[in-house]
Structure formats: C-alpha cells, structure tokens
Amino acid sequence: MPMYIAGALLLAGCNASPDKNADETRPATAATSDGDSLIFADAEPDARPFTETPILRAQVILDHLGFSPGVIDGKEGASYAAALRGFQQANDLADTGKLDTATEQALQRGRQLPATRVVIIPAGFAKGPFVPAFPKDAAEQAKLPALGYRNLTEALAERFHTTPETLVALNSASTLVGAGRPFRVPNIADIDRSTLGKDSRGWNGTLERLGVAPNQPAAAKVVVDKSEGVLKVFDASDKLIAQFPATMGSSRDPLPIGTWKILGVSRNPDFHYNPKLFWDVSDSKETALLQPGPNSPVGVAWIDINKPHYGIHGTSEPHTIGRAESHGCVRLTNWDAARLAQMVKPGTPAIFQN
C-alpha cells in the first residue's frame, strides 16, 4: 500500500480562494445505472474469524453519532480521546477522555452496531477515475481534469473513514481489491439516496463516496478550540451536537482568534493557487487554477468566513489531521468537512479561540 507524504502544497489549503461561484458552474452528476452504483451490498458471512476491539467499536459508534475520532483505526490517540471527551460532555458524563464503563454503556445504549462489515465493492465505485501518478507540483496538478484519488484503496479508505493501512489490517496484504470482490471495512453505512436533494457540481456523488448523509442537524454556531484541537458544533439551545478533530494554524500562520461568521459553502470547489500568499513557496512559481476533487488542497468543501483567505475545509491527507500544521485555516478530514458543510449556512457564527 502506498504511503502518503504531506507536502507543503497539500497541507496548504489556505491563503488562496476557491471559486465563489463554484456551486453554479459545474454540471451535476448522479449514479443511476447498476454500472454506476455506489451501494456497498453486504457480502456472504466471512468464514475467517474476526474479533473486533472495544476501541474500534467505539470509534465507529462515535463517528455515527457525529463525534468524529478522525480516521477509524482501532488505536488510542489524541483524536480518539477528544472524541470521547466531546461525547461525554454532550451526555453529562465524567470528562475523562477514556472508554470507561459509563461511557461504553452510553455508547452501546440501544445500538447493536458491529464495528466492521464485509461488503462487495460496487462497480461504479471501483471504476474511478483514479490518478495513479498524482503530481505534487501545483502547475502539474492544474493540468488534471480533476484531483481524484490515486487508487481504489485510497478511495475505499475515505469512504469508510479510515486509512489504507487499517484496511490491510482488517483484511490481509494479499486480499484482492476490485469490483465485485468482498472486503472488510469499518461499519460506515451507505446513505439513503432518497434523501439526496438537488445536485450541484456532483455533490450528491461526493456525499455517497464519503458515506455522509445529506440530512444533518442545523448548527447555531461552531467553535474552533485550539487548546483541544477540535471544532465543536452547537445547536440553538447551546447543546454540543457534533465535534470534529481539526488542524489549525502554525507559528508562521496562527489561527485568527476572534468571532467570525460563515459567509457560505463551496462544495467541490475549484482552487485558485497563489504562491505569493504562502511563506514556504517561492514567489517565482506561477498561479494556477486547480480543478475539484478529494485530493484538492482544500478537499471536497470550503466553508468561507469573513476574514480574507481563511476558512474551514477538507484535506487530501486525512491521517495528518491533528498531527501537522496548516497555513492558518482550519482543516478537517474530507468526510467531516462534508458533514459540517451540511450543518452550517451563511451567517452561522464561527468562534476561533485558544
């Protein structure tokens, strides 16, 4: 499996502007025929023994409930602990950040949810298109018709909110990956296609490929907390309803502390890359217009705030969330950015705090 190295451009995603008219300029696409299906049907029961761990099961349930652990990998880490704390705070439990007995019971309450399932990879998902030799340079990326996944394994990892390495661990290094083949994945369900609304720029397909339901609770405000490394979503009664791990700012481009507001959401945005706005990129580089795709520097969504060149967005490298710096913006995994994009609207307050 390929190892993914986050370069300066791929971690940037800020100090440049997605297309403000993005939602209106790209034709809609939808999966309709069997050959285009994105539905992961359950496979026959796997004869090989599989024992799920409490951590893996907890991560899957937390993801379902909107308290994202970041990548689902069955490992303890900062993002997982933060997700547990968010769930505990929202449910009036002791804020331990641990999978203690009370938290485990609350997670399991009324939910018979296995941590994994074995699915059949659908033809529509397996056909890509993919970009095997994905370039690092913006000028070369600008030549691509779309900034798609490198391969099917990377696409599967994002669809099931995990990493290629975790998929290998759930299966084996010798497991064949392709249309019609069974494959064990974290239990992130297909979305209900009947709930999809008006398509724009292929957004419905993006939601399907990320396993993100279009219907999400409405956000009354979002709070980006630097000390906790998370973005929190509150409803109109000031109840914490969702939380996502985030990468925010750096010593050179600090998080802009203050109270801002969301101006709008660009779904599957184009990206205007301007090297003059990046301290770690030579000004001799040319500006470039990058087409949309999950491997765009801003991922699948750009949530604009009323501070020029700053926003909340996805990333091409989900495993780096919480582990790498950004150029001042707030980065989420693509699936969390897509979920947040369905929760906010113009005028939603965005509070950035230490």
# chains A, B, ... in the order shown; residues from 1 in each chain; ligands from 1
call {"tool": "residues_around", "arguments": {"residues": "Pro132 in chain A", "least_positions_apart": "4", "cutoff": "9 Å", "atoms": "only C-alpha atoms", "output": "ChimeraX atom specification"}}
result
/A:149-151
call {"tool": "write_last_selection", "arguments": {"atoms": "C-alpha atoms", "output": "PDB file, in the first residue's frame"}}
result
ATOM      1  CA  TYR A 149      -7.950   9.604  -5.644  1.00  0.00           C
ATOM      2  CA  ARG A 150      -4.700   7.874  -6.518  1.00  0.00           C
ATOM      3  CA  ASN A 151      -6.225   4.397  -6.467  1.00  0.00           C
TER       4      ASN A 151
END
call {"tool": "residues_around", "arguments": {"residues": "Arg267 in chain A", "least_positions_apart": "3", "cutoff": "9 Å", "atoms": "only C-alpha atoms", "output": "PyMOL selection string"}}
result
chain A and resi 22-23+200-203+292+300-303+338+341
call {"tool": "residues_around", "arguments": {"residues": "Ile188 in chain A", "least_positions_apart": "4", "cutoff": "12 Å", "atoms": "only C-alpha atoms", "output": "ChimeraX atom specification"}}
result
/A:39-40,57,59-65,71-72,113-119,156-162,184,208-213,335
call {"tool": "select_by_dssp", "arguments": {"residues": "range 219-281 of chain A", "states": "strand (DSSP E or B)", "output": "JSON, numbers by chain"}}
result
{"A": [221, 222, 223, 224, 225, 230, 231, 232, 233, 234, 240, 241, 242, 243, 244, 245, 247, 248, 258, 259, 260, 261, 262, 263, 264, 265, 266, 267, 271, 272, 273]}
call {"tool": "write_last_selection", "arguments": {"atoms": "C-alpha atoms", "output": "compact mmCIF listing (two decimals), in the first residue's frame"}}
result
# COMPACT_ATOMS: atom_id res chain seq x y z
CA LYS A 221 -22.64 28.18 15.99
CA VAL A 222 -19.29 26.49 15.57
CA VAL A 223 -16.39 26.86 17.97
CA VAL A 224 -12.81 26.11 16.93
CA ASP A 225 -10.87 25.38 20.10
CA VAL A 230 -11.30 20.31 17.77
CA LEU A 231 -14.16 22.05 16.03
CA LYS A 232 -17.38 21.90 18.05
CA VAL A 233 -20.91 22.34 16.71
CA PHE A 234 -23.72 23.65 18.93
CA LEU A 240 -22.99 20.24 21.79
CA ILE A 241 -24.25 18.12 18.87
CA ALA A 242 -21.08 17.30 16.92
CA GLN A 243 -17.32 17.53 17.18
CA PHE A 244 -14.52 17.04 14.67
CA PRO A 245 -10.73 16.86 15.15
CA THR A 247 -5.64 21.08 12.37
CA MET A 248 -5.49 24.82 12.87
CA GLY A 258 -11.90 36.03 17.27
CA THR A 259 -15.58 35.83 16.46
CA TRP A 260 -16.25 35.45 12.76
CA LYS A 261 -19.21 34.38 10.71
CA ILE A 262 -19.67 31.93 7.88
CA LEU A 263 -20.25 33.60 4.52
CA GLY A 264 -21.05 30.49 2.50
CA VAL A 265 -20.07 26.98 1.47
CA SER A 266 -18.36 25.92 -1.77
CA ARG A 267 -18.91 22.23 -2.47
CA PHE A 271 -8.93 26.20 -6.07
CA HIS A 272 -7.04 29.34 -7.03
CA TYR A 273 -3.45 28.70 -6.01
call {"tool": "closest_residue", "arguments": {"among": "A:Pro318, A:Pro254, A:Pro308, A:Pro164", "to": "Thr333 in chain A", "atoms": "only C-alpha atoms"}}
result
A:Pro318
call {"tool": "select_by_dssp", "arguments": {"residues": "range 20-221 of chain A", "states": "alpha helix (DSSP H)", "output": "PyMOL selection string"}}
result
chain A and resi 22-25+54-65+78-90+101-108+123-126+138-141+152-159+164-170+203-210
call {"tool": "closest_residue", "arguments": {"among": "A:Ser37, A:Thr287, A:Ser68, A:Gln108", "to": "Ile321 in chain A", "atoms": "only C-alpha atoms"}}
result
A:Ser68
call {"tool": "closest_residue", "arguments": {"among": "A:Leu56, A:Asn187, A:Ser172, A:Asn334", "to": "Ala155 in chain A", "atoms": "only C-alpha atoms"}}
result
A:Asn334
call {"tool": "atom_distance", "arguments": {"atom1": "CA of Gly205 in chain A", "atom2": "CA of Thr153 in chain A"}}
result
17.8 Å
call {"tool": "residues_around", "arguments": {"residues": "range 89-102 of chain A", "least_positions_apart": "5", "cutoff": "9 Å", "atoms": "only C-alpha atoms", "output": "PyMOL selection string"}}
result
chain A and resi 54-55+58+80-84+107+239-242
call {"tool": "closest_residue", "arguments": {"among": "A:Asp42, A:Glu154, A:Asp190, A:Glu52", "to": "Val177 in chain A", "atoms": "only C-alpha atoms"}}
result
A:Glu154
call {"tool": "closest_residue", "arguments": {"among": "A:Ile305, A:Val185, A:Leu332, A:Ala288", "to": "Pro346 in chain A", "atoms": "only C-alpha atoms"}}
result
A:Ile305
call {"tool": "closest_residue", "arguments": {"among": "A:Phe130, A:Phe50, A:Phe352, A:Phe67", "to": "Pro145 in chain A", "atoms": "only C-alpha atoms"}}
result
A:Phe130
call {"tool": "atom_distance", "arguments": {"atom1": "CA of Asn171 in chain A", "atom2": "CA of Phe183 in chain A"}}
result
7.0 Å
call {"tool": "atom_distance", "arguments": {"atom1": "CA of Thr163 in chain A", "atom2": "CA of His319 in chain A"}}
result
7.2 Å
